[in-house]
Amino acid sequence: MLGEGILKGLGETAKNFAASFVSKDRLTTIQYPEERAPVIENTRDFPFLVYDGEDKMAGLRCVACQICEKECPPKCIYIVKSTDKKPDYVGKPQIYPARFDIDISVCMSCQICVEVCPFEAIKMDTEFELSTTDRFGGLLYDRDQLARSNQHYHKIHPTEAAEVDARLAEEKAKSEAKAKAAAEAAALKAAAAAAAPKPTPAPAPAPVSVKEPTA
Ligand code: SF4
Ligand code: SF4
C-alpha cells in the first residue's frame with residue numbers, strides 16, 4: 001500500500017511518545033547536557049598522542065617519523081623533529097617531535113594517521129565538546145594539548161588499548177632478549193679472546209759484532 005512505511009514509522013513514534021510518560025526506556029532523547037548518553041567504544045572524533053607513565057614528554061611514543069603528516073589527506077598535521085634523542089618504549093634512543101600540531105578545524109576524523117603509525121603513538125579520542133569562540137588558534141592543538149596518557153586510552157577504548165599493550169610488551173620482550181643475546185655473545189667472544197694462548201714473541205736477533213778496521 002502506498003505510504004505504508006510512513007504510517008508504520010508514525011505509529012512507532014506515537015507509541016514511543018505515549019509510552020514515554022510511563023516508561024523511561026521509551027524516551028528516545030535525553031536532557032543534554034545535564035544528562036549524557038554513554039559513549040560507545042568505537043566512537044572517534046579527533047586524534048591524540050599517547051604517552052606512557054606519568055611524564056608527558058618522557059613517555060611520548062611518537063618518534064616524529066612524519067608518516068602520519070605525509071598521509072593525512074587534508075594535511076592538517078604539522079611536525080618538527082627534535083635535534084636530540086630520548087629513549088622510546090623499548091629503551092632505544094629516538095628522535096621525538098619538538099613540535100606536533102593538528103588543526104582540528106581541518107581534520108576530517110578519517111583515522112588514517114592512526115592506521116599508518118608504526119609506533120601506536122596516535123589514537124582517536126572520543127571527546128566532542130570542543131567548541132570555542134576562537135575559530136583558528138582555538139582549534140589548532142599543539143603537542144601538549146594532544147598528549148593523553150595510556151590510562152586515558154584504556155578508559156575510552158579498553159579492548160583496543162589492551163591489544164596494543166600486549167603487542168608492545170611482546171615487542172619489548174623480543175628486543176630485550178635480542179639485546180641480552182648480543183651482550184652474552186660479546187662477553188663469550190671477549191672471554192675466548194682472553195683465554196686463547198698468547199703467541200710467543202720471536203727471539204731477538206743475536207747482536208752482530210763489528211770489528212774495528214785495523215790501521
Ligand atoms: S584523522 Fe585523518 S584528517 Fe585527521 S589528522 Fe588524522 S589523517 Fe589527518
Ligand atoms: S604519530 Fe606515529 S606516524 Fe606520526 S610522527 Fe609520530 S610516530 Fe610517526
# chains A, B, ... in the order shown; residues from 1 in each chain; ligands from 1
>>> residues_around(residues="A:Glu176", least_positions_apart="5", cutoff="10 Å", atoms="only C-alpha atoms", output="PyMOL selection string")
chain A and resi 90-91+170-171+181-182
>>> select_by_dssp(residues="stretch 47-209 of chain A", states="alpha helix (DSSP H)", output="PyMOL selection string")
chain A and resi 56-59+67-71+112-116+143-146+150-156+158-195
>>> closest_atom_pairs(of="chain A", to="ligand 2", cutoff="6 Å", atoms="only C-alpha atoms and all ligand atoms", output="JSON lines")
{"residue": "A:Cys62", "atom": "CA", "partner": "ligand 2", "partner_atom_place_in_ligand_line": "6 (Fe)", "distance": 3.7}
{"residue": "A:Val63", "atom": "CA", "partner": "ligand 2", "partner_atom_place_in_ligand_line": "7 (S)", "distance": 4.5}
{"residue": "A:Ala64", "atom": "CA", "partner": "ligand 2", "partner_atom_place_in_ligand_line": "5 (S)", "distance": 3.7}
{"residue": "A:Cys65", "atom": "CA", "partner": "ligand 2", "partner_atom_place_in_ligand_line": "8 (Fe)", "distance": 3.9}
{"residue": "A:Gln66", "atom": "CA", "partner": "ligand 2", "partner_atom_place_in_ligand_line": "5 (S)", "distance": 3.9}
{"residue": "A:Ile67", "atom": "CA", "partner": "ligand 2", "partner_atom_place_in_ligand_line": "3 (S)", "distance": 4.5}
{"residue": "A:Cys68", "atom": "CA", "partner": "ligand 2", "partner_atom_place_in_ligand_line": "4 (Fe)", "distance": 4.2}
{"residue": "A:Cys117", "atom": "CA", "partner": "ligand 2", "partner_atom_place_in_ligand_line": "3 (S)", "distance": 3.7}
{"residue": "A:Phe119", "atom": "CA", "partner": "ligand 2", "partner_atom_place_in_ligand_line": "7 (S)", "distance": 5.2}
{"residue": "A:Ala121", "atom": "CA", "partner": "ligand 2", "partner_atom_place_in_ligand_line": "1 (S)", "distance": 4.9}
{"residue": "A:Ile122", "atom": "CA", "partner": "ligand 2", "partner_atom_place_in_ligand_line": "1 (S)", "distance": 4.8}
>>> write_last_selection(atoms="N, CA and C atoms", output="tab-separated table (two decimals), in the first residue's frame")
chain	number	residue	atom	x	y	z
A	62	CYS	N	55.50	8.93	20.23
A	62	CYS	CA	55.79	9.44	18.88
A	62	CYS	C	57.29	9.65	18.68
A	63	VAL	N	57.80	9.19	17.54
A	63	VAL	CA	59.22	9.35	17.24
A	63	VAL	C	59.42	10.32	16.06
A	64	ALA	N	58.39	11.09	15.77
A	64	ALA	CA	58.46	12.12	14.73
A	64	ALA	C	58.90	11.57	13.37
A	65	CYS	N	58.42	10.37	13.04
A	65	CYS	CA	58.78	9.79	11.74
A	65	CYS	C	58.08	10.50	10.58
A	66	GLN	N	57.05	11.25	10.89
A	66	GLN	CA	56.30	12.09	9.94
A	66	GLN	C	55.46	11.31	8.92
A	67	ILE	N	55.28	10.00	9.14
A	67	ILE	CA	54.46	9.23	8.20
A	67	ILE	C	53.02	9.76	8.22
A	68	CYS	N	52.49	10.01	9.43
A	68	CYS	CA	51.11	10.49	9.53
A	68	CYS	C	50.96	11.85	8.85
A	117	CYS	N	50.51	4.79	11.60
A	117	CYS	CA	51.57	4.97	12.61
A	117	CYS	C	52.17	3.63	13.03
A	119	PHE	N	54.15	3.06	15.45
A	119	PHE	CA	54.56	3.07	16.86
A	119	PHE	C	53.39	3.14	17.85
A	121	ALA	N	51.40	5.39	18.37
A	121	ALA	CA	51.60	6.65	19.09
A	121	ALA	C	50.44	7.62	18.95
A	122	ILE	N	49.57	7.38	18.00
A	122	ILE	CA	48.46	8.33	17.78
A	122	ILE	C	47.16	7.54	17.71
>>> select_by_dssp(residues="stretch 6-76 of chain A", states="strand (DSSP E)", output="list in words")
Pro47, Phe48, Leu49, Val50 and Tyr51 of chain A
>>> write_last_selection(atoms="C-alpha atoms", output="PDB file, in the first residue's frame")
ATOM      1  CA  PRO A  47      43.440  12.241  17.210  1.00  0.00           C
ATOM      2  CA  PHE A  48      45.559  12.435  20.359  1.00  0.00           C
ATOM      3  CA  LEU A  49      49.172  11.429  21.119  1.00  0.00           C
ATOM      4  CA  VAL A  50      49.632   8.566  23.598  1.00  0.00           C
ATOM      5  CA  TYR A  51      52.236   8.743  26.360  1.00  0.00           C
TER       6      TYR A  51
END
>>> residues_around(residues="stretch 72-74 of chain A", least_positions_apart="2", cutoff="9 Å", atoms="only C-alpha atoms", output="PDB file with C-alpha atoms, in the first residue's frame")
ATOM      1  CA  ILE A  67      54.455   9.225   8.201  1.00  0.00           C
ATOM      2  CA  CYS A  68      51.107  10.489   9.533  1.00  0.00           C
ATOM      3  CA  GLU A  69      51.948  14.014   8.377  1.00  0.00           C
ATOM      4  CA  LYS A  70      52.587  12.748   4.834  1.00  0.00           C
ATOM      5  CA  CYS A  76      46.334  19.196   8.930  1.00  0.00           C
ATOM      6  CA  ILE A  77      49.315  17.683  10.834  1.00  0.00           C
ATOM      7  CA  VAL A 106      40.514  20.844   9.171  1.00  0.00           C
ATOM      8  CA  CYS A 107      40.782  17.236  10.458  1.00  0.00           C
ATOM      9  CA  MET A 108      38.053  15.029   8.985  1.00  0.00           C
ATOM     10  CA  CYS A 110      39.349   9.680   8.892  1.00  0.00           C
ATOM     11  CA  GLN A 111      41.766   7.857  11.261  1.00  0.00           C
ATOM     12  CA  ILE A 112      44.386   7.355   8.516  1.00  0.00           C
ATOM     13  CA  CYS A 113      47.074   8.833  10.826  1.00  0.00           C
TER      14      CYS A 113
END
>>> closest_residue(among="A:Leu130, A:Leu188, A:Val116, A:Met1", to="ligand 1", atoms="only C-alpha atoms and all ligand atoms")
A:Val116
>>> closest_residue(among="A:Glu34, A:Asp103, A:Glu115, A:Asp165", to="A:Gly138", atoms="only C-alpha atoms")
A:Asp103
>>> closest_residue(among="A:Arg44, A:Arg135, A:Lys155, A:Lys198", to="ligand 1", atoms="only C-alpha atoms and all ligand atoms")
A:Arg44
>>> residues_around(residues="A:Thr83", least_positions_apart="3", cutoff="9 Å", atoms="only C-alpha atoms", output="JSON list (two decimals) with C-alpha atoms, in the first residue's frame")
[["chain", "number", "residue", "atom", "x", "y", "z"],
["A", 95, "ILE", "CA", 64.03, 11.45, 17.85],
["A", 96, "TYR", "CA", 60.85, 12.99, 19.26],
["A", 98, "ALA", "CA", 59.83, 19.14, 19.02]]
>>> residues_around(residues="A:Lys56", least_positions_apart="3", cutoff="10 Å", atoms="only C-alpha atoms", output="PyMOL selection string")
chain A and resi 49-53+59-61+143-144+147-149
>>> write_last_selection(atoms="C-alpha atoms", output="mmCIF file, in the first residue's frame")
data_model
loop_
_atom_site.group_PDB
_atom_site.id
_atom_site.type_symbol
_atom_site.label_atom_id
_atom_site.label_comp_id
_atom_site.auth_asym_id
_atom_site.auth_seq_id
_atom_site.Cartn_x
_atom_site.Cartn_y
_atom_site.Cartn_z
ATOM 1 C CA LEU A 49 49.172 11.429 21.119
ATOM 2 C CA VAL A 50 49.632 8.566 23.598
ATOM 3 C CA TYR A 51 52.236 8.743 26.360
ATOM 4 C CA ASP A 52 53.233 6.029 28.855
ATOM 5 C CA GLY A 53 53.901 6.666 32.551
ATOM 6 C CA GLY A 59 56.613 8.871 27.799
ATOM 7 C CA LEU A 60 55.523 10.206 24.411
ATOM 8 C CA ARG A 61 55.517 7.264 21.984
ATOM 9 C CA ARG A 143 51.848 18.676 21.300
ATOM 10 C CA ASP A 144 50.966 19.354 24.942
ATOM 11 C CA ALA A 147 49.224 14.352 24.670
ATOM 12 C CA ARG A 148 46.958 11.956 26.625
ATOM 13 C CA SER A 149 48.003 9.134 28.927
#
>>> closest_residue(among="A:Met124, A:Leu7, A:Ala190, A:Ala185", to="ligand 1", atoms="only C-alpha atoms and all ligand atoms")
A:Met124
>>> closest_residue(among="A:Val114, A:Ala161, A:Ala192, A:Ala173", to="A:Glu71", atoms="only C-alpha atoms")
A:Val114
